[in-house]
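**Q** This is start.txt (compact mmCIF, C-alpha atoms).
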# COMPACT_ATOMS: atom_id res chain seq x y z
CA MET A 36 -21.25 19.12 27.60
CA THR A 37 -24.31 18.81 25.38
CA PRO A 38 -24.90 15.20 24.32
CA THR A 39 -25.69 14.19 20.77
CA ILE A 40 -29.15 12.68 20.31
CA LEU A 41 -28.89 9.43 18.35
CA ASP A 42 -31.43 7.39 16.43
CA THR A 43 -29.34 4.19 16.22
CA LEU A 44 -26.11 2.66 17.50
CA ASP A 45 -24.96 2.00 13.91
CA SER A 46 -23.65 5.54 13.52
CA LEU A 47 -20.98 4.86 16.17
CA HIS A 48 -19.53 1.63 14.75
CA ASP A 49 -16.47 3.30 13.25
CA HIS A 50 -15.68 5.32 16.39
CA TYR A 51 -15.43 2.56 19.01
CA ASP A 52 -13.54 -0.74 19.33
CA ALA A 53 -15.67 -2.31 22.09
CA VAL A 54 -19.00 -1.82 23.82
CA LEU A 55 -19.55 -2.24 27.58
CA CYS A 56 -23.32 -2.57 27.85
CA ASP A 57 -25.68 -2.56 30.80
CA VAL A 58 -28.28 -5.33 30.87
CA TRP A 59 -31.49 -4.68 32.81
CA GLY A 60 -33.32 -1.69 31.33
CA VAL A 61 -31.25 -1.70 28.15
CA ILE A 62 -31.54 -5.17 26.59
CA HIS A 63 -34.45 -6.50 28.68
CA ASN A 64 -37.02 -5.29 31.22
CA GLY A 65 -37.00 -8.29 33.53
CA ARG A 66 -39.84 -9.98 31.65
CA GLU A 67 -38.70 -10.01 28.01
CA ALA A 68 -35.86 -8.97 25.75
CA TYR A 69 -35.84 -5.73 23.80
CA GLY A 70 -35.47 -7.13 20.30
CA GLU A 71 -34.12 -3.98 18.68
CA ALA A 72 -31.49 -3.55 21.39
CA CYS A 73 -30.28 -7.11 20.92
CA ASP A 74 -30.20 -6.57 17.14
CA ALA A 75 -28.10 -3.41 17.62
CA LEU A 76 -25.49 -5.22 19.71
CA ALA A 77 -25.38 -8.14 17.29
CA ARG A 78 -24.75 -5.70 14.42
CA PHE A 79 -21.87 -4.12 16.36
CA ARG A 80 -20.37 -7.56 17.03
CA ALA A 81 -20.67 -8.39 13.34
CA THR A 82 -18.01 -5.72 12.69
CA GLY A 83 -15.54 -7.91 14.61
CA LYS A 84 -15.62 -5.91 17.85
CA PRO A 85 -16.49 -7.28 21.29
CA VAL A 86 -19.58 -6.56 23.39
CA VAL A 87 -19.17 -7.18 27.13
CA LEU A 88 -22.29 -6.99 29.28
CA ILE A 89 -21.64 -5.18 32.56
CA SER A 90 -24.38 -5.84 35.08
CA ASN A 91 -25.16 -4.92 38.66
CA ALA A 92 -26.85 -8.30 39.06
CA PRO A 93 -25.87 -9.60 42.51
CA ARG A 94 -25.14 -13.06 41.11
CA PRO A 95 -22.01 -14.60 39.56
CA SER A 96 -21.73 -14.07 35.83
CA HIS A 97 -21.91 -17.76 34.97
CA VAL A 98 -25.62 -17.92 35.90
CA ILE A 99 -26.66 -14.96 33.74
CA PRO A 100 -26.65 -16.59 30.26
CA THR A 101 -29.49 -18.95 31.23
CA GLN A 102 -31.56 -15.98 32.42
CA LEU A 103 -30.86 -14.05 29.23
CA GLN A 104 -31.86 -17.03 27.10
CA ARG A 105 -35.11 -17.40 29.04
CA LEU A 106 -35.93 -13.74 28.37
CA GLY A 107 -35.22 -14.10 24.66
CA VAL A 108 -31.89 -12.24 24.43
CA ARG A 109 -30.18 -13.50 21.29
CA ARG A 110 -26.85 -15.19 22.01
CA ASP A 111 -24.97 -13.36 19.26
CA ALA A 112 -25.66 -10.03 20.96
CA TRP A 113 -22.78 -10.41 23.46
CA ASP A 114 -19.39 -11.99 23.98
CA ALA A 115 -18.92 -12.03 27.77
CA ILE A 116 -20.56 -10.91 31.01
CA VAL A 117 -19.15 -9.28 34.16
CA THR A 118 -21.41 -8.79 37.19
CA SER A 119 -21.51 -7.06 40.53
CA GLY A 120 -21.84 -10.57 41.90
CA ASP A 121 -18.34 -11.36 40.65
CA ALA A 122 -16.99 -8.37 42.60
CA THR A 123 -19.08 -9.29 45.65
CA ILE A 124 -17.64 -12.82 45.76
CA ALA A 125 -14.17 -11.32 46.04
CA GLU A 126 -15.38 -9.11 48.91
CA ILE A 127 -16.99 -12.04 50.76
CA THR A 128 -13.85 -14.13 50.39
CA ARG A 129 -11.82 -11.31 51.87
CA ARG A 130 -14.13 -10.63 54.83
CA GLY A 131 -14.78 -14.15 56.06
CA PRO A 132 -17.78 -16.36 56.85
CA LYS A 133 -19.74 -14.53 59.59
CA ALA A 134 -22.24 -12.47 57.59
CA TYR A 135 -25.78 -11.18 58.09
CA LYS A 136 -27.85 -11.75 54.94
CA ILE A 137 -30.47 -9.51 53.34
CA GLY A 138 -31.87 -10.60 49.98
CA PRO A 139 -34.35 -12.78 48.08
CA SER A 140 -34.07 -16.52 47.58
CA LYS A 141 -33.39 -16.00 43.86
CA ASP A 142 -29.92 -14.67 44.77
CA GLU A 143 -28.84 -17.76 46.74
CA GLY A 144 -26.61 -18.85 43.85
CA LEU A 145 -24.20 -16.09 44.81
CA TYR A 146 -23.10 -18.13 47.81
CA ASP A 147 -22.54 -21.47 46.05
CA GLY A 148 -19.11 -22.80 46.99
CA LEU A 149 -18.38 -19.92 49.40
CA PRO A 150 -17.54 -20.57 53.07
CA VAL A 151 -20.34 -18.37 54.42
CA ASP A 152 -21.87 -19.03 57.84
CA PHE A 153 -24.84 -16.66 58.11
CA GLN A 154 -25.30 -15.09 61.53
CA PRO A 155 -27.91 -13.06 63.43
CA ALA A 156 -27.31 -9.34 63.77
CA ALA A 157 -25.73 -9.71 67.21
CA THR A 158 -22.86 -11.95 66.06
CA ALA A 159 -22.27 -11.07 62.39
CA ASP A 160 -19.07 -9.35 61.28
CA TYR A 161 -20.64 -7.66 58.26
CA VAL A 162 -23.80 -7.48 56.12
CA ILE A 163 -24.32 -8.83 52.60
CA CYS A 164 -27.28 -7.25 50.79
CA THR A 165 -28.32 -8.49 47.35
CA GLY A 166 -31.72 -6.79 47.39
CA LEU A 167 -35.06 -6.63 49.18
CA ARG A 168 -36.47 -9.99 50.23
CA ASP A 169 -39.67 -9.26 48.28
CA ASP A 170 -39.00 -6.37 45.91
CA LEU A 171 -42.47 -6.52 44.36
CA SER A 172 -44.27 -5.70 47.60
CA GLU A 173 -41.81 -4.27 50.16
CA PRO A 174 -40.76 -0.61 50.19
CA PRO A 175 -37.15 0.13 51.21
CA GLU A 176 -38.36 2.15 54.22
CA SER A 177 -39.80 -1.03 55.76
CA TYR A 178 -36.18 -2.07 56.42
CA ARG A 179 -35.18 1.04 58.38
CA ASP A 180 -35.48 -0.48 61.88
CA GLU A 181 -33.57 -3.61 60.85
CA LEU A 182 -30.85 -1.51 59.23
CA ALA A 183 -30.66 0.73 62.28
CA THR A 184 -29.88 -2.30 64.45
CA LEU A 185 -27.06 -3.29 62.10
CA ALA A 186 -25.72 0.25 61.75
CA ALA A 187 -25.64 0.61 65.55
CA ARG A 188 -22.98 -2.12 65.54
CA ASN A 189 -21.15 -0.30 62.73
CA LEU A 190 -21.20 -3.45 60.59
CA PRO A 191 -19.84 -2.94 57.06
CA PHE A 192 -22.72 -3.20 54.56
CA VAL A 193 -21.60 -4.96 51.37
CA CYS A 194 -24.06 -3.90 48.67
CA ALA A 195 -24.05 -6.47 45.88
CA ASN A 196 -26.23 -4.35 43.58
CA PRO A 197 -25.80 -0.56 43.73
CA ASP A 198 -28.88 0.02 41.52
CA ARG A 199 -31.61 1.94 43.32
CA VAL A 200 -34.42 0.85 40.99
CA VAL A 201 -34.86 -1.21 37.83
CA GLN A 202 -37.74 -1.69 35.44
CA PHE A 203 -39.69 -4.93 35.78
CA GLY A 204 -42.11 -4.98 32.89
CA GLY A 205 -43.71 -1.56 33.17
CA GLN A 206 -43.04 -1.25 36.92
CA LEU A 207 -40.08 0.26 38.78
CA ILE A 208 -38.89 -1.98 41.61
CA PRO A 209 -36.35 -1.13 44.34
CA CYS A 210 -32.89 -2.73 44.51
CA ALA A 211 -30.15 -3.16 47.11
CA GLY A 212 -28.80 0.33 46.43
CA ALA A 213 -31.96 1.81 47.93
CA LEU A 214 -31.22 -0.02 51.19
CA ALA A 215 -27.58 1.10 51.04
CA ASP A 216 -28.79 4.71 50.88
CA ILE A 217 -30.79 4.24 54.09
CA TYR A 218 -27.82 2.53 55.76
CA GLU A 219 -25.62 5.50 54.92
CA GLU A 220 -28.26 7.86 56.35
CA LEU A 221 -27.96 5.81 59.55
CA ARG A 222 -24.19 6.42 59.45
CA GLY A 223 -23.34 2.80 58.68
CA PRO A 224 -20.32 2.02 56.45
CA VAL A 225 -21.26 0.91 52.91
CA ILE A 226 -19.10 -1.01 50.43
CA MET A 227 -20.42 -0.99 46.86
CA ALA A 228 -19.41 -3.92 44.66
CA GLY A 229 -20.67 -2.84 41.24
CA LYS A 230 -21.23 0.22 39.06
CA PRO A 231 -20.35 3.09 39.37
CA TYR A 232 -17.20 1.95 41.18
CA ALA A 233 -13.87 1.17 39.55
CA PRO A 234 -13.37 -2.58 40.27
CA ILE A 235 -16.19 -3.79 38.04
CA TYR A 236 -14.93 -1.57 35.19
CA ASP A 237 -11.41 -2.94 35.59
CA LEU A 238 -12.79 -6.48 35.27
CA THR A 239 -14.94 -5.55 32.27
CA ILE A 240 -12.21 -3.74 30.35
CA ALA A 241 -9.81 -6.64 30.98
CA GLN A 242 -12.43 -8.97 29.52
CA ALA A 243 -12.89 -6.76 26.45
CA GLU A 244 -9.12 -6.64 25.89
CA ALA A 245 -8.85 -10.41 26.20
CA LEU A 246 -11.54 -10.78 23.55
CA ALA A 247 -9.89 -8.20 21.27
CA GLY A 248 -6.46 -9.71 21.79
CA ARG A 249 -4.86 -6.34 22.47
CA VAL A 250 -4.83 -3.33 24.76
CA LEU A 251 -7.74 -1.05 23.93
CA ASP A 252 -7.57 2.74 23.88
CA ARG A 253 -10.04 3.93 26.52
CA SER A 254 -11.17 6.73 24.23
CA ARG A 255 -12.50 4.02 21.90
CA LEU A 256 -14.58 2.21 24.53
CA LEU A 257 -18.31 2.97 24.63
CA CYS A 258 -20.44 2.37 27.72
CA ILE A 259 -24.20 1.97 27.25
CA GLY A 260 -26.64 2.24 30.13
CA ASP A 261 -29.83 3.75 31.50
CA GLY A 262 -29.05 4.33 35.18
CA LEU A 263 -27.79 7.81 36.04
CA PRO A 264 -26.08 7.03 39.39
CA THR A 265 -24.63 3.72 38.16
CA ASP A 266 -24.12 3.48 34.38
CA VAL A 267 -23.68 7.14 33.45
CA LYS A 268 -21.69 8.19 36.51
CA GLY A 269 -19.61 5.03 36.32
CA ALA A 270 -18.59 5.73 32.73
CA SER A 271 -17.91 9.38 33.52
CA ASN A 272 -15.82 8.51 36.59
CA GLN A 273 -13.72 6.16 34.45
CA GLY A 274 -13.25 8.71 31.66
CA LEU A 275 -15.26 6.61 29.20
CA ASP A 276 -17.80 7.80 26.64
CA CYS A 277 -21.39 6.91 27.46
CA LEU A 278 -24.51 6.38 25.40
CA MET A 279 -27.35 6.99 27.83
CA VAL A 280 -30.57 5.10 27.13
CA ALA A 281 -33.14 7.61 28.29
CA GLY A 282 -36.46 5.95 27.51
CA GLY A 283 -36.81 4.18 30.86
CA ILE A 284 -35.90 5.43 34.31
CA HIS A 285 -35.24 9.08 33.34
CA ALA A 286 -37.55 9.46 30.32
CA ASP A 287 -39.71 12.25 31.73
CA GLU A 288 -36.71 14.31 32.86
CA LEU A 289 -34.99 14.33 29.44
CA SER A 290 -37.91 14.85 27.08
CA VAL A 291 -40.18 17.60 25.83
CA ASP A 292 -43.53 16.45 24.44
CA GLY A 293 -42.19 12.92 24.30
CA MET A 294 -39.06 13.85 22.31
CA LEU A 295 -35.53 13.80 23.70
CA ASP A 296 -34.07 17.27 24.10
CA ALA A 297 -30.27 17.69 24.03
CA ARG A 298 -30.21 20.90 26.08
CA LEU A 299 -32.55 19.49 28.69
CA ALA A 300 -30.40 16.37 28.87
CA ALA A 301 -27.23 18.44 29.30
CA THR A 302 -28.78 20.49 32.10
CA PHE A 303 -30.14 17.39 33.83
CA LEU A 304 -26.82 15.55 33.67
CA ALA A 305 -24.80 18.57 34.78
CA GLY A 306 -27.16 19.01 37.70
CA HIS A 307 -26.19 15.52 38.82
CA GLY A 308 -22.47 16.17 38.36
CA THR A 309 -22.04 13.97 35.30
CA SER A 310 -22.28 13.94 31.51
CA ALA A 311 -22.86 11.64 28.55
CA ALA A 312 -21.56 11.88 25.00
CA PHE A 313 -24.77 10.52 23.49
CA VAL A 314 -28.42 10.00 24.40
CA ILE A 315 -30.93 7.68 22.75
CA ASP A 316 -34.52 6.92 23.73
CA ALA A 317 -34.04 3.15 23.32
CA LEU A 318 -31.12 1.10 22.04
CA ARG A 319 -31.66 0.07 18.43
Would you mind writing the file out in structure tokens?
**A**
Amino acid sequence: MTPTILDTLDSLHDHYDAVLCDVWGVIHNGREAYGEACDALARFRATGKPVVLISNAPRPSHVIPTQLQRLGVRRDAWDAIVTSGDATIAEITRRGPKAYKIGPSKDEGLYDGLPVDFQPAATADYVICTGLRDDLSEPPESYRDELATLAARNLPFVCANPDRVVQFGGQLIPCAGALADIYEELRGPVIMAGKPYAPIYDLTIAQAEALAGRVLDRSRLLCIGDGLPTDVKGASNQGLDCLMVAGGIHADELSVDGMLDARLAATFLAGHGTSAAFVIDALR
């Protein structure tokens, strides 16, 4: 499947009844909002159709609006938010209180109101990983010995954010998914809470249908995202059309002399066992 290269989202307004849009890397870079991306979503919403943000943020969705406001994301660019944190909370509730924690202090809000009693590796029943403790300075490989100790006990590893990397300003920083990859190498069992897995899409589509007030035809749902193993594969696995934003993580692999190339994109995506209906350098 050769994707269509787009200049703007506007050309798709008549073809889709709802947008399920990734957040980090598409509408902001961790430091500031992408103004044109926010404008594009607001213009889609102005046609009377919902935009649901679908994020691998390892925090509950109710804390995300404050973060988006701080970054300058305009409030009329989205209707609702569903996060990997929402799916993780359900997993924690199911597994019980005795967990080993890996993650930064900024993710502590995930545990508010949950009966979690964090344990050392020797007594924990499972692992919760929201990310690296200091993702600006620590490489994922620095966790290998710690993860090996946990994997030796065959503890389930609940990954609250399947992203491997995200953009932070102009820098790529590692996420919990990078630690999950190492844990799998060590033959430890991994449970992914967010994209590309089905539960987060089920929650997001249900939210879009609640906003629309009707059941939505899946062929008229458009996913937008920049992450190949999360956003693009997730949409493909769910049989949903995807607009891949290629100007960030995978820019060099999809471009020739700085211009997106449809054939190169098709070959690249096929080589990773997935496809996208559309590709754009940046959402606008």
**Q** Set the distance at 12 Å and use all atoms listed in the file: which residues neighbour Leu171 (chain A) once local chain neighbours fewer than 6 positions away are removed? I'd like the list as JSON, numbers by chain.
**A** {"A": [139, 200, 201, 202, 203, 204, 206, 207, 208, 209, 210]}
**Q** Check the smallest atom-to-atom distance from each of A:Leu44, A:Leu106, A:Val117, A:Met36 to Gly308 (chain A) using only C-alpha atoms, then report the winner.
**A**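 So, comparing all the options, the nearest one is A:Met36.
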**Q** By how many Å are CA of Pro231 (chain A) and CA of Gly120 (chain A) apart?
**A**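 That distance, rounded to one decimal, is 14.0 Å.
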**Q** Skipping near chain neighbours, those fewer than 2 positions away, what residues fall within 8 Å of region 87-104 of chain A using all atoms listed in the file, listed as a PyMOL selection string?
**A** chain A and resi 53-59+68+85+106-110+113-121+123-124+142+144-145+165+195-198+229-230+235+239+242-243
**Q** Emit the selected residues as a PDB file, keeping the file's coordinate frame, including C-alpha atoms.
**A**
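Contents of part-v5.pdb, as written:
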ATOM      1  CA  ALA A  53     -15.670  -2.310  22.090  1.00  0.00           C
ATOM      2  CA  VAL A  54     -19.000  -1.820  23.820  1.00  0.00           C
ATOM      3  CA  LEU A  55     -19.550  -2.240  27.580  1.00  0.00           C
ATOM      4  CA  CYS A  56     -23.320  -2.570  27.850  1.00  0.00           C
ATOM      5  CA  ASP A  57     -25.680  -2.560  30.800  1.00  0.00           C
ATOM      6  CA  VAL A  58     -28.280  -5.330  30.870  1.00  0.00           C
ATOM      7  CA  TRP A  59     -31.490  -4.680  32.810  1.00  0.00           C
ATOM      8  CA  ALA A  68     -35.860  -8.970  25.750  1.00  0.00           C
ATOM      9  CA  PRO A  85     -16.490  -7.280  21.290  1.00  0.00           C
ATOM     10  CA  LEU A 106     -35.930 -13.740  28.370  1.00  0.00           C
ATOM     11  CA  GLY A 107     -35.220 -14.100  24.660  1.00  0.00           C
ATOM     12  CA  VAL A 108     -31.890 -12.240  24.430  1.00  0.00           C
ATOM     13  CA  ARG A 109     -30.180 -13.500  21.290  1.00  0.00           C
ATOM     14  CA  ARG A 110     -26.850 -15.190  22.010  1.00  0.00           C
ATOM     15  CA  TRP A 113     -22.780 -10.410  23.460  1.00  0.00           C
ATOM     16  CA  ASP A 114     -19.390 -11.990  23.980  1.00  0.00           C
ATOM     17  CA  ALA A 115     -18.920 -12.030  27.770  1.00  0.00           C
ATOM     18  CA  ILE A 116     -20.560 -10.910  31.010  1.00  0.00           C
ATOM     19  CA  VAL A 117     -19.150  -9.280  34.160  1.00  0.00           C
ATOM     20  CA  THR A 118     -21.410  -8.790  37.190  1.00  0.00           C
ATOM     21  CA  SER A 119     -21.510  -7.060  40.530  1.00  0.00           C
ATOM     22  CA  GLY A 120     -21.840 -10.570  41.900  1.00  0.00           C
ATOM     23  CA  ASP A 121     -18.340 -11.360  40.650  1.00  0.00           C
ATOM     24  CA  THR A 123     -19.080  -9.290  45.650  1.00  0.00           C
ATOM     25  CA  ILE A 124     -17.640 -12.820  45.760  1.00  0.00           C
ATOM     26  CA  ASP A 142     -29.920 -14.670  44.770  1.00  0.00           C
ATOM     27  CA  GLY A 144     -26.610 -18.850  43.850  1.00  0.00           C
ATOM     28  CA  LEU A 145     -24.200 -16.090  44.810  1.00  0.00           C
ATOM     29  CA  THR A 165     -28.320  -8.490  47.350  1.00  0.00           C
ATOM     30  CA  ALA A 195     -24.050  -6.470  45.880  1.00  0.00           C
ATOM     31  CA  ASN A 196     -26.230  -4.350  43.580  1.00  0.00           C
ATOM     32  CA  PRO A 197     -25.800  -0.560  43.730  1.00  0.00           C
ATOM     33  CA  ASP A 198     -28.880   0.020  41.520  1.00  0.00           C
ATOM     34  CA  GLY A 229     -20.670  -2.840  41.240  1.00  0.00           C
ATOM     35  CA  LYS A 230     -21.230   0.220  39.060  1.00  0.00           C
ATOM     36  CA  ILE A 235     -16.190  -3.790  38.040  1.00  0.00           C
ATOM     37  CA  THR A 239     -14.940  -5.550  32.270  1.00  0.00           C
ATOM     38  CA  GLN A 242     -12.430  -8.970  29.520  1.00  0.00           C
ATOM     39  CA  ALA A 243     -12.890  -6.760  26.450  1.00  0.00           C
TER      40      ALA A 243
END
**Q** Could you name the residues that touch Pro155 (chain A) at 9 Å or less, counting only C-alpha atoms, but leaving out those on the same chain fewer than 5 positions away, as a ChimeraX atom specification?
**A** /A:134-136
**Q** Using only C-alpha atoms, which of the listed residues (A:Glu244, A:Asp111, A:Asp42, A:Asp160) sits closest to Ile127 (chain A)?
**A**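 Comparing A:Glu244, A:Asp111, A:Asp42, A:Asp160 against Ile127 (chain A), the winner is A:Asp160.
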**Q** I'd like the interatomic distance between CA of Asp292 (chain A) and CA of Arg66 (chain A), to a tenth of an Å.
**A**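 Straight-line distance from CA of Asp292 (chain A) to CA of Arg66 (chain A) works out to 27.6 Å.
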**Q** Can you measure CA of Arg130 (chain A) to CA of Ala270 (chain A) for me? One decimal in Å is fine.
**A**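 So the two atoms, CA of Arg130 (chain A) and CA of Ala270 (chain A), lie 27.9 Å apart.
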**Q** Just checking: using all atoms listed in the file, which residue out of A:Arg188, A:Arg129, A:His48, A:Lys141 ends up closest to Ala157 (chain A)?
**A**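 The answer is A:Arg188, which sits nearest to Ala157 (chain A).
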**Q** Could you tell me which of A:Ile163, A:Pro132, A:Arg253, A:Val86 comes closest to Gly148 (chain A) if we count only C-alpha atoms?
**A**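 That would be A:Pro132, the residue with the smallest distance to Gly148 (chain A).
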**Q** Show which residues sit within 10 Å of Gly60 (chain A), as a list of chain:residue names. Count all atoms listed in the file, and ignore same-chain residues fewer than 5 positions away.
**A**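 So, after excluding close chain neighbours, the residues are A:Gly65, A:Ala68, A:Tyr69, A:Val201, A:Gln202, A:Phe203, A:Gly204, A:Gly260, A:Asp261, A:Gly262, A:Val280, A:Ala281, A:Gly282, A:Gly283, A:Ile284, A:Ala317, A:Leu318.
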**Q** Have a look at A:Thr39, A:Arg80, A:Gly274, A:Ala241 and name the one nearest to Ala312 (chain A); count only C-alpha atoms.
**A**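 Looking at the shortest contact to Ala312 (chain A), the residue is A:Thr39.
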**Q** Only N, CA and C atoms, as a compact mmCIF listing (two decimals), in the first residue's frame: that is what I want for region 230-244 of chain A.
**A**
# COMPACT_ATOMS: atom_id res chain seq x y z
N LYS A 230 -1.00 2.09 23.43
CA LYS A 230 -0.83 1.80 22.01
C LYS A 230 0.44 0.97 21.81
N PRO A 231 0.43 -0.03 20.97
CA PRO A 231 -0.52 -0.33 19.89
C PRO A 231 -1.58 -1.39 20.26
N TYR A 232 -1.86 -1.58 21.52
CA TYR A 232 -2.71 -2.69 21.93
C TYR A 232 -4.18 -2.28 22.00
N ALA A 233 -5.06 -3.27 21.86
CA ALA A 233 -6.48 -3.03 21.64
C ALA A 233 -7.20 -2.27 22.75
N PRO A 234 -6.93 -2.53 24.06
CA PRO A 234 -7.75 -1.91 25.09
C PRO A 234 -7.83 -0.39 25.02
N ILE A 235 -6.73 0.28 24.74
CA ILE A 235 -6.77 1.74 24.70
C ILE A 235 -7.58 2.24 23.51
N TYR A 236 -7.58 1.48 22.40
CA TYR A 236 -8.39 1.86 21.25
C TYR A 236 -9.88 1.65 21.55
N ASP A 237 -10.20 0.57 22.26
CA ASP A 237 -11.60 0.35 22.63
C ASP A 237 -12.12 1.52 23.48
N LEU A 238 -11.31 1.97 24.45
CA LEU A 238 -11.70 3.10 25.28
C LEU A 238 -11.87 4.37 24.46
N THR A 239 -10.95 4.59 23.52
CA THR A 239 -10.95 5.82 22.73
C THR A 239 -12.12 5.86 21.77
N ILE A 240 -12.40 4.75 21.10
CA ILE A 240 -13.52 4.70 20.17
C ILE A 240 -14.84 4.87 20.92
N ALA A 241 -14.95 4.26 22.10
CA ALA A 241 -16.16 4.43 22.91
C ALA A 241 -16.35 5.90 23.27
N GLN A 242 -15.26 6.59 23.56
CA GLN A 242 -15.35 8.01 23.89
C GLN A 242 -15.80 8.82 22.68
N ALA A 243 -15.25 8.50 21.51
CA ALA A 243 -15.64 9.21 20.29
C ALA A 243 -17.12 8.99 19.98
N GLU A 244 -17.60 7.76 20.18
CA GLU A 244 -19.01 7.47 19.91
C GLU A 244 -19.92 8.16 20.90
